[in-house]
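**Q** Pasting a structure here, questions to come.
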Amino acid sequence: MRAGHTVAEVYGAVAAIQNAGLANFNLDLLMGLPGQTLAQWEDSLERAIALAPTHISMYDLILEPGTVFARRFRPAAEDLTLSMYRLGRERLTGVGFEHYEISNLAQPGYRCAHNLTYWRGQGFYGVGNGAASLVDGWRWERPRPLKGYFAWVDGLTAPPQGDRLPEGERLFEGLMQGLRLAEGVSQDFLAAFAPDLVARAAAVLEGFATQGLAHRGDHWRLTVPEGWLVVRYPHLRRYTQR
C-alpha cells in the first residue's frame, strides 16, 4: 500500500496536533491485518482511547485484487473481524463514543460533518483534479490527469458535463448510504421518489424488519449493529430499478 508508518510516528503526529492547541482529531484503526490477533486489536483500541481523539474510524482491511498486498496475504477470517468489530464498538461506546455510522464513532458533538453530507445524500462540490461533485442529482468530475486539470484551470472552461443518475439509482444510493447511519433514512427522503419505486424498496425493508434487522418509524433504520453486519445492499438494488 506504500502508506506504512510506525507507532512512534502516530504518537509524534498526535503530540504535534495537541501541542498546536488542537483537540479535534480522528484516528483510523484497521481490522484484519495480516497476523493480527484479537488481543492485539484490543491493545490498539486501548492505545487509541488513551490518545483522547474526538473521532475514531474502524475499517476492515480490503485486499484489492491485482495488488501486491493481495498476492502476498490472504484476507482475515470473517469471524475474527466480526469479533474485532463487536469489541471495538463495545469498548468505544463504553467510554462515551457514539456509534453513529457503521464504521465511525465520535464523542458527542464531533460527528464528521463532511461525511454526514455524503451519507445523507446532500449536494457537494469537489475541488482539485479528479474531484467529483454532486448537485441536484447531477454528478460530474473535474479532469483527472494533472496536466489536463492545469489546462482546464488556465482556460477557465466550464466543468465537464456530468450525468443525472436515473431515479432508481438515486433511490438505491440514498438508501445504501443512509442505512449506514444509525439515524437511518427519513420518510421525507423517500417521499421525493416515485411511489412504485418506494413501494418496492419498502417491501425489501419490511423483509429486513421481519428478521429483526430493521425497524420503521419516522426513519427506516437498521438495527445496530446486527443489521449493519448482515444486510447486503445488492439485493436492495434489484428492487429500486425499473
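Scheme for the C-alpha cells: letters A, B, ... for chains in order shown; per-chain residue numbers from 1; ligand numbers from 1 in order shown.
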Among range 105-175 of chain A, which residues carry a DSSP assignment of alpha helix (DSSP H), reported as an MDAnalysis selection string?

**A** chainID A and resid 113:119 146:155 167:175

**Q** For Glu64 in chain A, find every residue with an atom within 12 Å (counting only C-alpha atoms), except residues of its own chain fewer than 6 positions away, and show them as JSON, numbers by chain.

**A** {"A": [1, 70, 71, 72, 73, 74, 75]}

**Q** Need to verify the contact set: Arg164 in chain A, 10 Å, only C-alpha atoms, exclusion of same-chain residues closer than 3 positions in sequence. Can you return it as a PyMOL selection string?

**A** chain A and resi 134-140+161+167+169-170

**Q** Which residues, written as JSON, numbers by chain, have at least one atom at most 6 Å from Val185 in chain A, with only C-alpha atoms counted and residues fewer than 5 positions away on the same chain left out?

**A** {"A": [178, 219, 220]}

**Q** Counting only C-alpha atoms, which of A:Gly148, A:Glu141, A:Gly227, A:Ala16 gets nearest to Asp163 in chain A?

**A**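 Of A:Gly148, A:Glu141, A:Gly227, A:Ala16, the one nearest Asp163 in chain A is A:Glu141, counting only C-alpha atoms.
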
**Q** Could you go through chain A and tell me which residues DSSP, when run on the backbone, assigns to strand (DSSP E), listing them as a ChimeraX atom specification?

**A** /A:26-31,55-60,98-101,104-106,132-135,138-141,163-164,185-186,214-216,219-222

**Q** Between A:Leu165, A:Tyr100, A:Ala151, A:Gly123, single out the one closest to Gly184 in chain A, counting only C-alpha atoms.

**A**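 Among A:Leu165, A:Tyr100, A:Ala151, A:Gly123, it is A:Tyr100 that comes nearest to Gly184 in chain A.
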
**Q** Hey, which of A:Glu173, A:Glu9, A:Glu78, A:Asp196 ends up closest to Trp119 in chain A? Count only C-alpha atoms.

**A**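 Among A:Glu173, A:Glu9, A:Glu78, A:Asp196, it is A:Glu173 that comes nearest to Trp119 in chain A.
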
**Q** With a distance cut-off of 12 Å and only C-alpha atoms, select the neighbouring residues of Val10 in chain A, excluding the residue or stretch itself and same-chain residues fewer than 6 positions from it, and output the selection as JSON, numbers by chain.

**A** {"A": [4, 16, 17, 26, 27, 28, 29, 44, 47, 48, 51]}

**Q** Measuring atom to atom with only C-alpha atoms, identify which of A:Pro34, A:Pro53, A:Pro225, A:Gly174 is nearest to Val95 in chain A.

**A**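 The closest residue to Val95 in chain A is A:Pro53.
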
**Q** Have a look at CA of Arg216 in chain A and CA of Leu229 in chain A and let me know their distance in Å, one decimal.

**A** 18.2 Å
